>>> print(open('structure34.cif').read())   # mmCIF, C-alpha atoms
data_structure
#
loop_
_atom_site.group_PDB
_atom_site.id
_atom_site.type_symbol
_atom_site.label_atom_id
_atom_site.label_comp_id
_atom_site.auth_asym_id
_atom_site.auth_seq_id
_atom_site.Cartn_x
_atom_site.Cartn_y
_atom_site.Cartn_z
ATOM 1 C CA MET Z 1 -205.530 -36.070 -39.496
ATOM 2 C CA ILE Z 2 -203.707 -32.734 -39.559
ATOM 3 C CA THR Z 3 -200.342 -34.451 -39.034
ATOM 4 C CA LYS Z 4 -201.010 -36.663 -42.046
ATOM 5 C CA MET Z 5 -201.638 -33.576 -44.225
ATOM 6 C CA ILE Z 6 -198.472 -31.857 -43.016
ATOM 7 C CA ARG Z 7 -196.454 -34.996 -43.625
ATOM 8 C CA LYS Z 8 -197.969 -35.437 -47.054
ATOM 9 C CA ASN Z 9 -197.081 -31.861 -48.059
ATOM 10 C CA GLN Z 10 -193.341 -32.477 -47.470
ATOM 11 C CA ASP Z 11 -193.005 -34.872 -50.383
ATOM 12 C CA GLY Z 12 -190.328 -33.599 -52.767
ATOM 13 C CA ALA Z 13 -188.651 -31.357 -50.200
ATOM 14 C CA THR Z 14 -185.379 -33.236 -50.611
ATOM 15 C CA VAL Z 15 -185.361 -32.568 -54.347
ATOM 16 C CA VAL Z 16 -185.954 -28.846 -53.773
ATOM 17 C CA GLU Z 17 -183.216 -28.662 -51.127
ATOM 18 C CA PHE Z 18 -180.779 -30.476 -53.428
ATOM 19 C CA ALA Z 19 -181.662 -28.111 -56.282
ATOM 20 C CA LEU Z 20 -180.782 -25.176 -54.020
ATOM 21 C CA ILE Z 21 -177.509 -26.682 -52.760
ATOM 22 C CA ALA Z 22 -176.311 -28.388 -56.008
ATOM 23 C CA PRO Z 23 -174.897 -25.258 -57.717
ATOM 24 C CA LEU Z 24 -172.768 -24.460 -54.674
ATOM 25 C CA LEU Z 25 -171.658 -28.076 -54.388
ATOM 26 C CA PHE Z 26 -170.650 -28.262 -58.062
ATOM 27 C CA LEU Z 27 -168.928 -24.875 -57.859
ATOM 28 C CA LEU Z 28 -166.885 -26.120 -54.915
ATOM 29 C CA ILE Z 29 -165.983 -29.434 -56.589
ATOM 30 C CA PHE Z 30 -165.041 -27.886 -59.940
ATOM 31 C CA GLY Z 31 -163.152 -25.081 -58.179
ATOM 32 C CA ILE Z 32 -161.045 -27.654 -56.346
ATOM 33 C CA ILE Z 33 -160.360 -29.455 -59.634
ATOM 34 C CA GLU Z 34 -159.506 -26.221 -61.483
ATOM 35 C CA PHE Z 35 -157.096 -24.903 -58.875
ATOM 36 C CA GLY Z 36 -155.574 -28.354 -58.387
ATOM 37 C CA LEU Z 37 -154.796 -28.437 -62.126
ATOM 38 C CA LEU Z 38 -153.488 -24.871 -61.963
ATOM 39 C CA LEU Z 39 -151.088 -25.733 -59.134
ATOM 40 C CA PHE Z 40 -150.008 -28.950 -60.853
ATOM 41 C CA ASN Z 41 -149.261 -27.085 -64.085
ATOM 42 C CA LYS Z 42 -147.348 -24.424 -62.144
ATOM 43 C CA HIS Z 43 -145.232 -27.243 -60.721
ATOM 44 C CA ILE Z 44 -144.598 -28.602 -64.234
ATOM 45 C CA ILE Z 45 -143.559 -25.135 -65.486
ATOM 46 C CA ASN Z 46 -141.146 -24.833 -62.530
ATOM 47 C CA ASN Z 47 -139.623 -28.239 -63.257
ATOM 48 C CA SER Z 48 -139.354 -27.553 -66.989
ATOM 49 C CA SER Z 49 -137.344 -24.375 -66.371
ATOM 50 C CA ARG Z 50 -135.024 -26.271 -64.009
ATOM 51 C CA GLU Z 51 -134.606 -29.132 -66.482
ATOM 52 C CA GLY Z 52 -133.819 -26.658 -69.265
ATOM 53 C CA ALA Z 53 -131.259 -24.829 -67.146
ATOM 54 C CA ARG Z 54 -129.689 -28.131 -66.162
ATOM 55 C CA ALA Z 55 -129.433 -29.141 -69.834
ATOM 56 C CA GLY Z 56 -127.625 -25.872 -70.554
ATOM 57 C CA ILE Z 57 -125.060 -25.948 -67.748
ATOM 58 C CA VAL Z 58 -123.787 -29.524 -67.828
ATOM 59 C CA ALA Z 59 -120.036 -29.849 -68.277
ATOM 60 C CA ARG Z 60 -118.805 -30.609 -71.791
ATOM 61 C CA GLU Z 61 -115.694 -29.964 -73.841
ATOM 62 C CA ASN Z 62 -117.035 -26.792 -75.440
ATOM 63 C CA ARG Z 63 -118.846 -24.446 -73.113
ATOM 64 C CA PHE Z 64 -122.337 -23.177 -73.842
ATOM 65 C CA VAL Z 65 -122.551 -21.935 -77.435
ATOM 66 C CA ALA Z 66 -125.390 -20.270 -79.295
ATOM 67 C CA GLY Z 67 -126.702 -23.547 -80.738
ATOM 68 C CA ASP Z 68 -127.036 -25.023 -77.241
ATOM 69 C CA ALA Z 69 -129.981 -22.713 -76.575
ATOM 70 C CA VAL Z 70 -131.963 -24.815 -79.049
ATOM 71 C CA ASN Z 71 -131.146 -27.923 -76.978
ATOM 72 C CA VAL Z 72 -132.337 -26.139 -73.834
ATOM 73 C CA ILE Z 73 -135.561 -25.122 -75.555
ATOM 74 C CA ASN Z 74 -136.126 -28.654 -76.828
ATOM 75 C CA THR Z 75 -135.573 -30.031 -73.322
ATOM 76 C CA VAL Z 76 -138.145 -27.609 -71.885
ATOM 77 C CA ASN Z 77 -140.654 -28.349 -74.654
ATOM 78 C CA ASP Z 78 -140.225 -32.107 -74.194
ATOM 79 C CA TRP Z 79 -140.736 -31.821 -70.436
ATOM 80 C CA ILE Z 80 -143.864 -29.724 -70.914
ATOM 81 C CA ALA Z 81 -145.265 -31.939 -73.688
ATOM 82 C CA ASN Z 82 -144.871 -35.059 -71.545
ATOM 83 C CA ASN Z 83 -146.184 -33.666 -68.249
ATOM 84 C CA LEU Z 84 -148.437 -30.612 -68.661
ATOM 85 C CA VAL Z 85 -152.191 -31.183 -68.300
ATOM 86 C CA THR Z 86 -153.880 -29.110 -71.013
ATOM 87 C CA PHE Z 87 -156.915 -31.118 -72.200
ATOM 88 C CA GLY Z 88 -156.155 -30.448 -75.840
ATOM 89 C CA GLY Z 89 -154.810 -26.920 -75.520
ATOM 90 C CA THR Z 90 -152.425 -25.914 -78.269
ATOM 91 C CA ASP Z 91 -150.689 -23.002 -76.565
ATOM 92 C CA GLN Z 92 -146.924 -23.215 -76.645
ATOM 93 C CA PRO Z 93 -144.826 -21.866 -73.795
ATOM 94 C CA GLU Z 94 -142.592 -18.863 -74.294
ATOM 95 C CA ILE Z 95 -139.017 -19.781 -73.396
ATOM 96 C CA ASP Z 96 -136.175 -17.324 -72.798
ATOM 97 C CA VAL Z 97 -132.614 -18.567 -72.394
ATOM 98 C CA GLY Z 98 -129.765 -16.233 -71.546
ATOM 99 C CA GLU Z 99 -127.186 -14.898 -69.177
ATOM 100 C CA THR Z 100 -128.233 -13.561 -65.795
ATOM 101 C CA ASP Z 101 -126.837 -10.820 -63.619
ATOM 102 C CA SER Z 102 -126.063 -11.161 -59.910
ATOM 103 C CA SER Z 103 -129.727 -10.631 -58.970
ATOM 104 C CA GLY Z 104 -130.894 -13.415 -61.308
ATOM 105 C CA THR Z 105 -132.440 -11.135 -63.925
ATOM 106 C CA LEU Z 106 -131.989 -12.245 -67.507
ATOM 107 C CA ILE Z 107 -129.733 -9.700 -69.218
ATOM 108 C CA GLY Z 108 -129.010 -11.456 -72.488
ATOM 109 C CA TYR Z 109 -131.586 -13.405 -74.431
ATOM 110 C CA TYR Z 110 -131.057 -15.968 -77.105
ATOM 111 C CA ASP Z 111 -133.469 -15.522 -79.973
ATOM 112 C CA THR Z 112 -135.790 -18.521 -79.787
ATOM 113 C CA ASN Z 113 -137.893 -17.631 -82.831
ATOM 114 C CA TYR Z 114 -135.459 -19.189 -85.265
ATOM 115 C CA ALA Z 115 -134.237 -22.734 -85.773
ATOM 116 C CA THR Z 116 -130.767 -21.729 -84.627
ATOM 117 C CA ALA Z 117 -130.554 -19.530 -81.594
ATOM 118 C CA LEU Z 118 -128.553 -16.352 -82.051
ATOM 119 C CA PRO Z 119 -127.284 -14.841 -78.808
ATOM 120 C CA LEU Z 120 -127.776 -11.143 -78.260
ATOM 121 C CA ILE Z 121 -124.950 -11.129 -75.735
ATOM 122 C CA GLU Z 122 -122.009 -13.449 -76.227
ATOM 123 C CA VAL Z 123 -118.264 -13.607 -75.704
ATOM 124 C CA ASP Z 124 -116.344 -15.350 -78.510
ATOM 125 C CA ASN Z 125 -119.570 -17.236 -79.382
ATOM 126 C CA ARG Z 126 -119.341 -19.275 -76.190
ATOM 127 C CA LYS Z 127 -119.500 -18.993 -72.446
ATOM 128 C CA THR Z 128 -115.972 -19.799 -71.386
ATOM 129 C CA ASP Z 129 -115.887 -19.486 -67.615
ATOM 130 C CA TYR Z 130 -117.126 -21.943 -65.064
ATOM 131 C CA ARG Z 131 -119.735 -20.527 -62.752
ATOM 132 C CA ASP Z 132 -121.135 -18.209 -65.429
ATOM 133 C CA PRO Z 133 -124.851 -17.874 -64.728
ATOM 134 C CA LEU Z 134 -127.425 -19.248 -67.154
ATOM 135 C CA GLY Z 135 -131.104 -18.454 -66.803
ATOM 136 C CA VAL Z 136 -134.134 -20.142 -68.329
ATOM 137 C CA ARG Z 137 -137.517 -18.437 -68.038
ATOM 138 C CA VAL Z 138 -140.666 -20.293 -69.082
ATOM 139 C CA SER Z 139 -144.051 -18.600 -69.313
ATOM 140 C CA TYR Z 140 -147.290 -20.341 -70.195
ATOM 141 C CA GLU Z 141 -150.794 -18.945 -70.492
ATOM 142 C CA TYR Z 142 -153.047 -21.270 -68.498
ATOM 143 C CA HIS Z 143 -156.662 -21.555 -69.613
ATOM 144 C CA PHE Z 144 -159.199 -22.942 -67.202
ATOM 145 C CA LEU Z 145 -160.895 -26.210 -68.068
ATOM 146 C CA PHE Z 146 -164.473 -25.545 -66.953
ATOM 147 C CA LEU Z 147 -164.599 -21.765 -67.034
ATOM 148 C CA SER Z 148 -164.633 -20.208 -70.491
ATOM 149 C CA ASN Z 149 -162.237 -17.409 -71.402
ATOM 150 C CA ASP Z 150 -165.175 -15.157 -72.321
ATOM 151 C CA PHE Z 151 -166.697 -15.560 -68.862
ATOM 152 C CA LEU Z 152 -163.341 -14.984 -67.165
ATOM 153 C CA SER Z 153 -162.704 -11.867 -69.249
ATOM 154 C CA PHE Z 154 -166.182 -10.617 -68.370
ATOM 155 C CA ILE Z 155 -165.498 -10.864 -64.631
ATOM 156 C CA GLY Z 156 -161.962 -9.514 -65.066
ATOM 157 C CA ILE Z 157 -159.840 -12.571 -64.290
ATOM 158 C CA GLY Z 158 -158.790 -13.789 -67.739
ATOM 159 C CA PRO Z 159 -156.258 -16.501 -68.396
ATOM 160 C CA ILE Z 160 -153.444 -16.820 -65.869
ATOM 161 C CA ASP Z 161 -149.785 -16.554 -66.863
ATOM 162 C CA LEU Z 162 -147.648 -19.208 -65.198
ATOM 163 C CA VAL Z 163 -144.052 -17.969 -65.111
ATOM 164 C CA SER Z 164 -140.969 -19.654 -63.714
ATOM 165 C CA GLN Z 165 -137.285 -18.858 -63.958
ATOM 166 C CA ALA Z 166 -134.378 -21.085 -63.058
ATOM 167 C CA ASN Z 167 -130.847 -19.721 -62.700
ATOM 168 C CA MET Z 168 -127.899 -22.105 -62.536
ATOM 169 C CA LEU Z 169 -124.154 -21.719 -62.700
ATOM 170 C CA MET Z 170 -122.120 -23.361 -65.461
ATOM 171 C CA GLU Z 171 -120.376 -26.535 -64.304
#
>>> encode(input="structure34.cif", output="structure tokens")
Amino acid sequence: MITKMIRKNQDGATVVEFALIAPLLFLLIFGIIEFGLLLFNKHIINNSSREGARAGIVARENRFVAGDAVNVINTVNDWIANNLVTFGGTDQPEIDVGETDSSGTLIGYYDTNYATALPLIEVDNRKTDYRDPLGVRVSYEYHFLFLSNDFLSFIGIGPIDLVSQANMLME
């Protein structure tokens, strides 16, 4: 008779155990999804900077001129628009196009705030030498899908900046 009472008192134990474990399970599942999306978007930002640099260095009759920076920016924006997973986010990436020094640091930026890019550093309004370096830096502020920005700011993480730079030599 005592064993029947003990057995009867364990009804609902599974529900209580699941209620204790469920938050950790969901945290783990959503964490995997969040960081998977973060890594995927980092990959897309890397590829967009490479695609933009490639669009700027391809061989053509006239070497890279100031207006070509707009083509590079459009290439990067198209790549990002077609591949980035944002779930309705409206943030636009910040794109810098310019010459690089021997260490790969951008030393001359083309102004991307206007419809026609105006180079800050240029030689005769065009890059004339083969193997001149061209750099494209793309930065994007990634917002998490499930975690709100207010919560992230409260715990001190905030949105994450995804930054990638591709340097290529003129063909």
>>> closest_residue(input="structure34.cif", among="Z:Ala81, Z:Tyr140, Z:Leu162, Z:Asn167", to="Z:Thr100", atoms="only C-alpha atoms")
Z:Asn167
>>> closest_residue(input="structure34.cif", among="Z:Val85, Z:Leu106, Z:Val15, Z:Ile155", to="Z:Phe40", atoms="all atoms listed in the file")
Z:Val85
>>> atom_distance(input="structure34.cif", atom1="atom CA of Z:Tyr142", atom2="atom CA of Z:Asn82")
16.3 Å
>>> residues_near_point(input="structure34.cif", point="(-138.8, -29.0, -66.7)", cutoff="9 Å", atoms="all atoms listed in the file", output="list in words")
His43, Ile44, Ile45, Asn46, Asn47, Ser48, Ser49, Arg50, Glu51, Gly52, Ala53, Thr75, Val76, Asn77, Asp78, Trp79, Ile80 and Asn83 of chain Z
>>> residues_around(input="structure34.cif", residues="Z:Asp91", least_positions_apart="3", cutoff="10 Å", atoms="all atoms listed in the file", output="PDB file with C-alpha atoms, in the coordinates of the input")
ATOM      1  CA  THR Z  86    -153.880 -29.110 -71.013  1.00  0.00           C
ATOM      2  CA  GLY Z  88    -156.155 -30.448 -75.840  1.00  0.00           C
ATOM      3  CA  GLU Z  94    -142.592 -18.863 -74.294  1.00  0.00           C
ATOM      4  CA  TYR Z 140    -147.290 -20.341 -70.195  1.00  0.00           C
ATOM      5  CA  GLU Z 141    -150.794 -18.945 -70.492  1.00  0.00           C
ATOM      6  CA  TYR Z 142    -153.047 -21.270 -68.498  1.00  0.00           C
ATOM      7  CA  HIS Z 143    -156.662 -21.555 -69.613  1.00  0.00           C
TER       8      HIS Z 143
END
>>> atom_distance(input="structure34.cif", atom1="atom CA of Z:Ala19", atom2="atom CA of Z:Leu37")
27.5 Å
>>> atom_distance(input="structure34.cif", atom1="atom CA of Z:Val72", atom2="atom CA of Z:Arg54")
8.4 Å
>>> closest_residue(input="structure34.cif", among="Z:Ile33, Z:Val136, Z:Ile157, Z:Val16", to="Z:Asp96", atoms="only C-alpha atoms")
Z:Val136
>>> closest_residue(input="structure34.cif", among="Z:Leu24, Z:Met170, Z:Val163, Z:Val97", to="Z:Pro133", atoms="only C-alpha atoms")
Z:Met170
>>> closest_residue(input="structure34.cif", among="Z:Phe146, Z:Ile160, Z:Asn74, Z:Leu169", to="Z:Glu99", atoms="all atoms listed in the file")
Z:Leu169
>>> closest_residue(input="structure34.cif", among="Z:Phe35, Z:Leu84, Z:Ala166, Z:Ser139", to="Z:Gly98", atoms="all atoms listed in the file")
Z:Ala166
